[in-house]
>>> print(open('model28.pdb').read())   # PDB, C-alpha atoms
ATOM      1  CA  MET A   1     -19.946  57.457 -16.263
ATOM      2  CA  GLU A   2     -23.576  58.548 -16.178
ATOM      3  CA  GLY A   3     -24.292  56.488 -19.330
ATOM      4  CA  VAL A   4     -22.923  53.330 -17.699
ATOM      5  CA  ASN A   5     -25.072  53.866 -14.595
ATOM      6  CA  LYS A   6     -28.135  54.386 -16.806
ATOM      7  CA  ILE A   7     -27.486  51.062 -18.611
ATOM      8  CA  ILE A   8     -27.043  49.227 -15.288
ATOM      9  CA  SER A   9     -30.248  50.786 -13.910
ATOM     10  CA  ILE A  10     -32.245  49.826 -17.012
ATOM     11  CA  GLU A  11     -30.789  46.317 -16.929
ATOM     12  CA  HIS A  12     -31.731  45.792 -13.276
ATOM     13  CA  GLN A  13     -35.304  46.910 -14.008
ATOM     14  CA  GLU A  14     -35.632  45.078 -17.308
ATOM     15  CA  ILE A  15     -34.658  41.586 -16.121
ATOM     16  CA  PRO A  16     -37.251  41.181 -13.324
ATOM     17  CA  GLU A  17     -39.975  42.802 -15.452
ATOM     18  CA  ALA A  18     -39.247  40.489 -18.387
ATOM     19  CA  ILE A  19     -39.119  37.382 -16.185
ATOM     20  CA  ASN A  20     -42.316  38.283 -14.315
ATOM     21  CA  GLY A  21     -44.129  39.113 -17.552
ATOM     22  CA  MET A  22     -42.940  36.016 -19.435
ATOM     23  CA  THR A  23     -45.746  33.657 -20.524
ATOM     24  CA  TYR A  24     -45.857  30.338 -22.368
ATOM     25  CA  THR A  25     -48.153  28.525 -24.754
ATOM     26  CA  LYS A  26     -47.693  24.847 -25.493
ATOM     27  CA  ASN A  27     -47.498  24.404 -29.251
ATOM     28  CA  PHE A  28     -46.841  20.670 -29.563
ATOM     29  CA  ARG A  29     -46.555  17.598 -27.402
ATOM     30  CA  SER A  30     -45.499  14.083 -28.333
ATOM     31  CA  ALA A  31     -44.620  11.067 -26.204
ATOM     32  CA  THR A  32     -41.031  12.292 -25.908
ATOM     33  CA  ALA A  33     -41.073  16.075 -26.313
ATOM     34  CA  GLU A  34     -42.881  19.358 -25.805
ATOM     35  CA  GLU A  35     -42.537  22.611 -27.699
ATOM     36  CA  TRP A  36     -43.487  25.859 -25.991
ATOM     37  CA  TYR A  37     -43.792  29.360 -27.437
ATOM     38  CA  ILE A  38     -42.151  31.923 -25.140
ATOM     39  CA  PHE A  39     -43.686  35.400 -24.913
ATOM     40  CA  VAL A  40     -41.517  38.126 -23.360
ATOM     41  CA  PRO A  41     -42.789  41.702 -22.836
ATOM     42  CA  GLY A  42     -41.125  44.088 -25.281
ATOM     43  CA  PHE A  43     -39.746  41.340 -27.552
ATOM     44  CA  LYS A  44     -41.251  39.452 -30.500
ATOM     45  CA  ASP A  45     -40.482  37.390 -33.579
ATOM     46  CA  PRO A  46     -39.713  39.948 -36.321
ATOM     47  CA  PHE A  47     -41.424  37.885 -39.032
ATOM     48  CA  SER A  48     -44.656  36.791 -37.354
ATOM     49  CA  GLY A  49     -44.901  39.450 -34.646
ATOM     50  CA  GLY A  50     -45.598  36.620 -32.187
ATOM     51  CA  ALA A  51     -43.547  34.812 -29.578
ATOM     52  CA  ALA A  52     -40.008  36.026 -28.912
ATOM     53  CA  GLY A  53     -38.794  32.430 -28.861
ATOM     54  CA  LYS A  54     -39.496  28.788 -28.222
ATOM     55  CA  ALA A  55     -38.386  26.049 -25.875
ATOM     56  CA  ILE A  56     -38.133  22.402 -26.910
ATOM     57  CA  ILE A  57     -37.969  19.865 -24.093
ATOM     58  CA  HIS A  58     -37.021  16.226 -24.783
ATOM     59  CA  TYR A  59     -37.947  13.851 -21.970
ATOM     60  CA  ASN A  60     -36.408  10.622 -20.728
ATOM     61  CA  LEU A  61     -39.044   7.876 -20.929
ATOM     62  CA  PHE A  62     -36.942   5.016 -19.593
ATOM     63  CA  GLY A  63     -36.532   6.193 -15.991
ATOM     64  CA  ASN A  64     -32.735   6.059 -16.098
ATOM     65  CA  LYS A  65     -31.507   8.569 -13.506
ATOM     66  CA  ASP A  66     -28.254   9.097 -15.411
ATOM     67  CA  VAL A  67     -30.026  10.528 -18.454
ATOM     68  CA  PHE A  68     -30.552  14.279 -18.742
ATOM     69  CA  ILE A  69     -33.586  16.083 -20.099
ATOM     70  CA  ASN A  70     -32.435  17.954 -23.194
ATOM     71  CA  THR A  71     -33.827  21.479 -23.365
ATOM     72  CA  THR A  72     -33.274  23.885 -26.237
ATOM     73  CA  VAL A  73     -34.288  27.538 -26.020
ATOM     74  CA  ILE A  74     -34.298  29.565 -29.239
ATOM     75  CA  PHE A  75     -34.842  33.326 -29.122
ATOM     76  CA  ASP A  76     -36.000  34.731 -32.468
ATOM     77  CA  ASP A  77     -36.023  38.443 -31.605
ATOM     78  CA  PRO A  78     -32.747  39.937 -32.920
ATOM     79  CA  ASP A  79     -32.682  42.375 -29.985
ATOM     80  CA  LEU A  80     -32.118  39.378 -27.685
ATOM     81  CA  HIS A  81     -29.067  38.474 -29.800
ATOM     82  CA  LYS A  82     -27.274  41.695 -28.842
ATOM     83  CA  GLU A  83     -24.469  41.439 -26.312
ATOM     84  CA  VAL A  84     -26.055  44.145 -24.143
ATOM     85  CA  HIS A  85     -28.886  41.667 -23.362
ATOM     86  CA  HIS A  86     -26.645  38.786 -22.255
ATOM     87  CA  LYS A  87     -27.800  38.902 -18.605
ATOM     88  CA  LEU A  88     -31.427  39.166 -19.698
ATOM     89  CA  VAL A  89     -31.132  36.111 -21.970
ATOM     90  CA  TYR A  90     -29.413  34.179 -19.187
ATOM     91  CA  GLY A  91     -32.124  35.149 -16.692
ATOM     92  CA  LEU A  92     -34.944  34.244 -19.088
ATOM     93  CA  ALA A  93     -33.402  30.858 -19.935
ATOM     94  CA  GLU A  94     -32.831  30.100 -16.254
ATOM     95  CA  GLU A  95     -36.474  30.855 -15.484
ATOM     96  CA  ILE A  96     -37.666  28.784 -18.455
ATOM     97  CA  VAL A  97     -35.787  25.771 -17.081
ATOM     98  CA  ASN A  98     -37.152  26.381 -13.574
ATOM     99  CA  ARG A  99     -40.765  26.711 -14.743
ATOM    100  CA  LEU A 100     -40.983  24.181 -17.573
ATOM    101  CA  VAL A 101     -38.470  21.491 -16.591
ATOM    102  CA  GLY A 102     -38.301  21.850 -12.821
ATOM    103  CA  TYR A 103     -35.533  20.216 -10.820
ATOM    104  CA  ALA A 104     -34.656  17.360 -13.181
ATOM    105  CA  ASP A 105     -31.101  16.957 -14.484
ATOM    106  CA  THR A 106     -31.046  19.064 -17.621
ATOM    107  CA  LEU A 107     -28.730  19.803 -20.523
ATOM    108  CA  LEU A 108     -29.584  23.297 -21.762
ATOM    109  CA  SER A 109     -28.714  24.814 -25.097
ATOM    110  CA  VAL A 110     -29.638  28.474 -25.639
ATOM    111  CA  HIS A 111     -29.582  29.929 -29.156
ATOM    112  CA  SER A 112     -29.614  33.727 -29.125
ATOM    113  CA  GLY A 113     -26.954  35.096 -31.451
ATOM    114  CA  MET A 114     -23.979  36.456 -29.469
ATOM    115  CA  ASN A 115     -25.719  35.373 -26.262
ATOM    116  CA  SER A 116     -25.859  31.655 -27.100
ATOM    117  CA  TYR A 117     -24.509  29.231 -24.506
ATOM    118  CA  GLN A 118     -24.797  25.715 -23.092
ATOM    119  CA  ALA A 119     -25.286  24.694 -19.477
ATOM    120  CA  GLU A 120     -25.807  21.618 -17.340
ATOM    121  CA  TYR A 121     -28.191  21.489 -14.367
ATOM    122  CA  LYS A 122     -27.818  18.659 -11.853
ATOM    123  CA  SER A 123     -30.121  18.184  -8.882
TER     124      SER A 123
END
>>> encode(input="model28.pdb", output="structure tokens")
Amino acid sequence: MEGVNKIISIEHQEIPEAINGMTYTKNFRSATAEEWYIFVPGFKDPFSGGAAGKAIIHYNLFGNKDVFINTTVIFDDPDLHKEVHHKLVYGLAEEIVNRLVGYADTLLSVHSGMNSYQAEYKS
């Protein structure tokens, strides 16, 4: 039972630290989309050693309130693909939407191995 408590304790510390330490760098912007590199403390792309992931945000240019902003988050660090980090991935993706998209209606697709999921945010 002590091992389970240790995992829960680490998880509760790790999520806020990762979210608070998360930073972004805009890589590309076009008339309809933005691409952001996502830097998360303790995680990185295994090939480049850089950003742990990226977020791609496709905007609605026509002003139609029924159209969602499509947001894709891709985590490249294999450690974020492990099932033990499901809550961390969820928390990071949630914060990415809050910070980069705001309160617009959003269709979210998260790609992170076993922790991949899709969600819909409606204001």
>>> residues_around(input="model28.pdb", residues="Phe68 of chain A", least_positions_apart="3", cutoff="7 Å", atoms="all atoms listed in the file", output="mmCIF file with C-alpha atoms, in the coordinates of the input")
data_model
loop_
_atom_site.group_PDB
_atom_site.id
_atom_site.type_symbol
_atom_site.label_atom_id
_atom_site.label_comp_id
_atom_site.auth_asym_id
_atom_site.auth_seq_id
_atom_site.Cartn_x
_atom_site.Cartn_y
_atom_site.Cartn_z
ATOM 1 C CA ASP A 105 -31.101 16.957 -14.484
ATOM 2 C CA THR A 106 -31.046 19.064 -17.621
ATOM 3 C CA LEU A 107 -28.730 19.803 -20.523
#
>>> resolve_selection(input="model28.pdb", expression="the PyMOL selection byres ((chain A and resi 37) around 8)", output="PyMOL selection string")
chain A and resi 24-27+35-36+38-39+51-55
>>> atom_distance(input="model28.pdb", atom1="atom CA of Phe43 of chain A", atom2="atom CA of Ile74 of chain A")
13.1 Å
>>> residues_around(input="model28.pdb", residues="segment 79-81 of chain A", least_positions_apart="5", cutoff="12 Å", atoms="all atoms listed in the file", output="ChimeraX atom specification")
/A:18,40-46,52-53,74,86-93,110-117
>>> axis_aligned_box(input="model28.pdb", around="segment 39-57 of chain A", padding_each_side="6 Å", output="AutoDock Vina command-line options")
--center_x -41.8 --center_y 32.0 --center_z -30.9 --size_x 19.6 --size_y 36.2 --size_z 28.2
>>> closest_residue(input="model28.pdb", among="A:Ser123, A:Ser109, A:Asn70, A:Ser48", to="Ala33 of chain A", atoms="only C-alpha atoms")
A:Asn70
>>> atom_distance(input="model28.pdb", atom1="atom CA of Glu34 of chain A", atom2="atom CA of Val101 of chain A")
10.4 Å
>>> closest_residue(input="model28.pdb", among="A:Glu17, A:Glu83, A:Asp76, A:Glu120", to="Gly49 of chain A", atoms="all atoms listed in the file")
A:Asp76
>>> atom_distance(input="model28.pdb", atom1="atom CA of Lys122 of chain A", atom2="atom CA of Tyr59 of chain A")
15.1 Å
>>> closest_residue(input="model28.pdb", among="A:Thr72, A:Ile57, A:Gln13, A:Gly21", to="Leu100 of chain A", atoms="only C-alpha atoms")
A:Ile57
>>> closest_residue(input="model28.pdb", among="A:Ile69, A:Glu14, A:Val84, A:His58", to="Arg29 of chain A", atoms="all atoms listed in the file")
A:His58
>>> decode(input="model28.pdb", residues="segment 10-25 of chain A", atoms="all heavy atoms", output="JSON list (two decimals), in the first residue's frame")
[["chain", "number", "residue", "atom", "x", "y", "z"],
["A", 10, "ILE", "N", 3.42, 11.60, -5.64],
["A", 10, "ILE", "CA", 4.23, 12.11, -6.74],
["A", 10, "ILE", "C", 3.33, 12.72, -7.81],
["A", 10, "ILE", "O", 3.60, 13.80, -8.33],
["A", 10, "ILE", "CB", 5.12, 10.99, -7.33],
["A", 10, "ILE", "CG1", 6.20, 10.60, -6.33],
["A", 10, "ILE", "CG2", 5.73, 11.41, -8.65],
["A", 10, "ILE", "CD1", 6.96, 9.34, -6.70],
["A", 11, "GLU", "N", 2.24, 12.05, -8.11],
["A", 11, "GLU", "CA", 1.31, 12.52, -9.14],
["A", 11, "GLU", "C", 0.72, 13.88, -8.76],
["A", 11, "GLU", "O", 0.64, 14.79, -9.57],
["A", 11, "GLU", "CB", 0.21, 11.50, -9.33],
["A", 11, "GLU", "CG", -0.74, 11.82, -10.44],
["A", 11, "GLU", "CD", -1.74, 10.69, -10.61],
["A", 11, "GLU", "OE1", -1.42, 9.72, -11.31],
["A", 11, "GLU", "OE2", -2.83, 10.79, -10.03],
["A", 12, "HIS", "N", 0.33, 14.04, -7.50],
["A", 12, "HIS", "CA", -0.27, 15.30, -7.06],
["A", 12, "HIS", "C", 0.74, 16.43, -7.07],
["A", 12, "HIS", "O", 0.38, 17.58, -7.27],
["A", 12, "HIS", "CB", -0.90, 15.14, -5.68],
["A", 12, "HIS", "CG", -2.21, 14.41, -5.72],
["A", 12, "HIS", "ND1", -3.35, 14.97, -6.21],
["A", 12, "HIS", "CD2", -2.52, 13.14, -5.37],
["A", 12, "HIS", "CE1", -4.33, 14.08, -6.15],
["A", 12, "HIS", "NE2", -3.86, 12.96, -5.65],
["A", 13, "GLN", "N", 2.02, 16.14, -6.87],
["A", 13, "GLN", "CA", 3.06, 17.16, -6.96],
["A", 13, "GLN", "C", 3.42, 17.44, -8.41],
["A", 13, "GLN", "O", 3.65, 18.58, -8.78],
["A", 13, "GLN", "CB", 4.32, 16.71, -6.22],
["A", 13, "GLN", "CG", 4.20, 16.71, -4.72],
["A", 13, "GLN", "CD", 5.47, 16.20, -4.09],
["A", 13, "GLN", "OE1", 6.07, 15.23, -4.56],
["A", 13, "GLN", "NE2", 5.90, 16.85, -3.02],
["A", 14, "GLU", "N", 3.50, 16.40, -9.21],
["A", 14, "GLU", "CA", 3.99, 16.51, -10.57],
["A", 14, "GLU", "C", 3.06, 17.33, -11.46],
["A", 14, "GLU", "O", 3.53, 18.14, -12.26],
["A", 14, "GLU", "CB", 4.16, 15.11, -11.16],
["A", 14, "GLU", "CG", 4.72, 15.09, -12.56],
["A", 14, "GLU", "CD", 4.90, 13.66, -13.06],
["A", 14, "GLU", "OE1", 3.93, 12.89, -13.01],
["A", 14, "GLU", "OE2", 6.00, 13.36, -13.52],
["A", 15, "ILE", "N", 1.77, 17.15, -11.34],
["A", 15, "ILE", "CA", 0.82, 17.84, -12.23],
["A", 15, "ILE", "C", 0.89, 19.36, -12.07],
["A", 15, "ILE", "O", 1.11, 20.05, -13.06],
["A", 15, "ILE", "CB", -0.60, 17.28, -12.06],
["A", 15, "ILE", "CG1", -0.65, 15.82, -12.54],
["A", 15, "ILE", "CG2", -1.61, 18.13, -12.82],
["A", 15, "ILE", "CD1", -1.93, 15.10, -12.24],
["A", 16, "PRO", "N", 0.74, 19.91, -10.87],
["A", 16, "PRO", "CA", 0.83, 21.37, -10.75],
["A", 16, "PRO", "C", 2.19, 21.93, -11.16],
["A", 16, "PRO", "O", 2.27, 22.99, -11.78],
["A", 16, "PRO", "CB", 0.56, 21.64, -9.26],
["A", 16, "PRO", "CG", -0.14, 20.43, -8.77],
["A", 16, "PRO", "CD", 0.37, 19.29, -9.60],
["A", 17, "GLU", "N", 3.28, 21.22, -10.82],
["A", 17, "GLU", "CA", 4.61, 21.68, -11.19],
["A", 17, "GLU", "C", 4.77, 21.71, -12.71],
["A", 17, "GLU", "O", 5.32, 22.66, -13.26],
["A", 17, "GLU", "CB", 5.68, 20.79, -10.57],
["A", 17, "GLU", "CG", 5.85, 21.00, -9.09],
["A", 17, "GLU", "CD", 6.85, 20.04, -8.47],
["A", 17, "GLU", "OE1", 7.58, 19.34, -9.21],
["A", 17, "GLU", "OE2", 6.90, 19.97, -7.23],
["A", 18, "ALA", "N", 4.30, 20.68, -13.39],
["A", 18, "ALA", "CA", 4.40, 20.62, -14.84],
["A", 18, "ALA", "C", 3.56, 21.72, -15.49],
["A", 18, "ALA", "O", 4.01, 22.39, -16.42],
["A", 18, "ALA", "CB", 3.97, 19.25, -15.36],
["A", 19, "ILE", "N", 2.34, 21.91, -15.00],
["A", 19, "ILE", "CA", 1.46, 22.94, -15.57],
["A", 19, "ILE", "C", 2.04, 24.33, -15.33],
["A", 19, "ILE", "O", 2.09, 25.15, -16.24],
["A", 19, "ILE", "CB", 0.03, 22.81, -15.00],
["A", 19, "ILE", "CG1", -0.63, 21.55, -15.57],
["A", 19, "ILE", "CG2", -0.80, 24.05, -15.32],
["A", 19, "ILE", "CD1", -1.96, 21.21, -14.95],
["A", 20, "ASN", "N", 2.50, 24.60, -14.12],
["A", 20, "ASN", "CA", 3.06, 25.92, -13.81],
["A", 20, "ASN", "C", 4.36, 26.19, -14.56],
["A", 20, "ASN", "O", 4.67, 27.33, -14.88],
["A", 20, "ASN", "CB", 3.29, 26.07, -12.31],
["A", 20, "ASN", "CG", 1.99, 26.16, -11.54],
["A", 20, "ASN", "OD1", 0.97, 26.59, -12.08],
["A", 20, "ASN", "ND2", 2.02, 25.74, -10.29],
["A", 21, "GLY", "N", 5.13, 25.14, -14.85],
["A", 21, "GLY", "CA", 6.39, 25.31, -15.54],
["A", 21, "GLY", "C", 6.30, 25.23, -17.06],
["A", 21, "GLY", "O", 7.28, 25.44, -17.77],
["A", 22, "MET", "N", 5.10, 24.91, -17.57],
["A", 22, "MET", "CA", 4.91, 24.76, -19.01],
["A", 22, "MET", "C", 5.08, 26.11, -19.72],
["A", 22, "MET", "O", 4.56, 27.12, -19.28],
["A", 22, "MET", "CB", 3.51, 24.19, -19.27],
["A", 22, "MET", "CG", 3.27, 23.79, -20.69],
["A", 22, "MET", "SD", 1.74, 22.81, -20.94],
["A", 22, "MET", "CE", 0.55, 23.57, -19.87],
["A", 23, "THR", "N", 5.83, 26.11, -20.82],
["A", 23, "THR", "CA", 6.01, 27.32, -21.63],
["A", 23, "THR", "C", 5.75, 26.99, -23.09],
["A", 23, "THR", "O", 5.71, 25.80, -23.48],
["A", 23, "THR", "CB", 7.42, 27.91, -21.48],
["A", 23, "THR", "OG1", 8.38, 26.92, -21.89],
["A", 23, "THR", "CG2", 7.70, 28.35, -20.05],
["A", 24, "TYR", "N", 5.59, 28.03, -23.90],
["A", 24, "TYR", "CA", 5.23, 27.86, -25.30],
["A", 24, "TYR", "C", 6.09, 28.76, -26.17],
["A", 24, "TYR", "O", 6.47, 29.85, -25.76],
["A", 24, "TYR", "CB", 3.78, 28.30, -25.55],
["A", 24, "TYR", "CG", 2.81, 27.75, -24.54],
["A", 24, "TYR", "CD1", 2.58, 28.40, -23.34],
["A", 24, "TYR", "CD2", 2.15, 26.57, -24.79],
["A", 24, "TYR", "CE1", 1.69, 27.90, -22.41],
["A", 24, "TYR", "CE2", 1.26, 26.06, -23.87],
["A", 24, "TYR", "CZ", 1.04, 26.73, -22.68],
["A", 24, "TYR", "OH", 0.17, 26.21, -21.78],
["A", 25, "THR", "N", 6.32, 28.33, -27.38],
["A", 25, "THR", "CA", 6.98, 29.16, -28.39],
["A", 25, "THR", "C", 6.21, 28.97, -29.68],
["A", 25, "THR", "O", 6.00, 27.83, -30.13],
["A", 25, "THR", "CB", 8.45, 28.72, -28.61],
["A", 25, "THR", "OG1", 9.15, 28.84, -27.39],
["A", 25, "THR", "CG2", 9.10, 29.57, -29.68]]
